[in-house]
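Notes for the one structure printed next.
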Amino acid sequence: MSLDPSQYSAGRRSCFKVEIENIDSRLISILFSPHLADLQPEDPASKFSYFELQVSLSMGGRRWETSPVAGAKLYGKEDRPETIFTLHPGEGVRIVAEDNLRLTDNQIERLWREDPIDHANAQPSLDQTDILIVPKAST
């Protein structure tokens with residue numbers, strides 16, 4: 001949807017906004033807890049399962065392939081319904097995130113001189129992770 005400044009430098013922390021819309025006929029779940037630590041169990045020895053939604057912001061030009069330049073991660077757990085939002089068909093959600101740009105100053109300068117960025121898009125991915133932390137014996 002938007003980026004905060006009109007000019008960028010490598011490694012600059014930038015804010016971006018993306019909108020995810022449910023264009024399917026089924027319900028979809030969107031995670032929205034920004035901190036994984038908030039979802040960890042009190043007992044560190046218990047099994048821990050969570051979902052991770054990653055939204056990657058990509059940019060490209062006419063003569064160069066679209067590349068990921070920033071991203072955000074959001075987390076949720078099935079047993080913590082306050083961390084998962086359900087989108088009905090036609091509904092959307094706006095995600096506002098910050099990240100450091102993953103382009104070097106040389107790449108940015110070349111892009112502006114030779115082939116400016118002319119498109120950007122966001123790509124979501126969803127993963128489930130199960131973790132069991134066990135103590136390690138020391139010798």
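Letters for chains follow the order of the structure tokens (A, B, ...), residue numbers begin at 1 for each chain, and ligand numbers begin at 1 in the order shown.
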
ask   = Which residues, written as a list in words, have at least one atom at most 7 Å from Ala120 (chain A), with only C-alpha atoms counted and residues fewer than 2 positions away on the same chain left out?
value = Ser58, Met59 and Gly60 of chain A

Output N, CA and C atoms for every residue in the selection just made, as a PDB file, in the first residue's frame.
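Contents of out_29.pdb, freshly written:
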```
ATOM      1  N   SER A  58       8.509  -7.077  -1.611  1.00  0.00           N
ATOM      2  CA  SER A  58       9.435  -7.212  -2.737  1.00  0.00           C
ATOM      3  C   SER A  58       9.292  -6.025  -3.672  1.00  0.00           C
ATOM      4  N   MET A  59      10.404  -5.682  -4.338  1.00  0.00           N
ATOM      5  CA  MET A  59      10.404  -4.596  -5.328  1.00  0.00           C
ATOM      6  C   MET A  59      11.123  -5.074  -6.571  1.00  0.00           C
ATOM      7  N   GLY A  60      10.823  -4.447  -7.686  1.00  0.00           N
ATOM      8  CA  GLY A  60      11.480  -4.806  -8.931  1.00  0.00           C
ATOM      9  C   GLY A  60      11.418  -3.674  -9.945  1.00  0.00           C
TER      10      GLY A  60
END
```

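Counting only C-alpha atoms, the residue from A:Gln123, A:Glu21, A:Ile28, A:Leu132 that sits nearest to Pro41 (chain A) is A:Leu132.
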
Practice item. Mind checking which residues fall within 8 Å of Asp24 (chain A), counting only C-alpha atoms, ignoring those fewer than 3 positions away in the same chain, and posting them as number ranges by chain? Key: A: 27, 89-90

Nearest-residue call for Glu98 (chain A), choices A:Gly61, A:Gly71, A:Pro124, A:Pro44, using only C-alpha atoms
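Of the candidates, the smallest distance to Glu98 (chain A) is held by A:Gly71.
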
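The list of residues with at least one atom within 8 Å of region 46-51 of chain A, based on only C-alpha atoms and without residues fewer than 6 positions apart in the same chain, reads Leu31, Leu39, Gln40, Tyr75, Gly76, Lys77, Glu78, Leu126, Asp127, Gln128, Thr129, Asp130, Ile131, Leu132 and Ile133 of chain A.
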
Worksheet entry | Which of region 14-132 of chain A DSSP labels helix (DSSP H, G or I), written as a ChimeraX atom specification | /A:36-39,81-83,105-114

Q. Residues at most 10 Å from Ser29 (chain A), counting only C-alpha atoms, excluding those fewer than 6 positions away in the same chain, as number ranges by chain?
A. A: 22, 53, 76, 83-88, 126

With distances taken over only C-alpha atoms, the candidate from A:Leu101, A:Ser125, A:Glu82, A:Glu91 nearest Asp38 (chain A) is A:Glu82

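When CA of Asp99 (chain A) is paired with CA of Ile20 (chain A), their separation reads 18.2 Å.
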
For a test of reading the model, state the distance in Å between CA of Glu52 (chain A) and CA of Arg13 (chain A), rounded to one decimal.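 According to the coordinates, CA of Glu52 (chain A) and CA of Arg13 (chain A) are separated by 22.1 Å.
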
Of A:Arg94, A:Ile23, A:Arg12, A:Pro34, the one sitting nearest Ala72 (chain A) when using only C-alpha atoms is A:Pro34
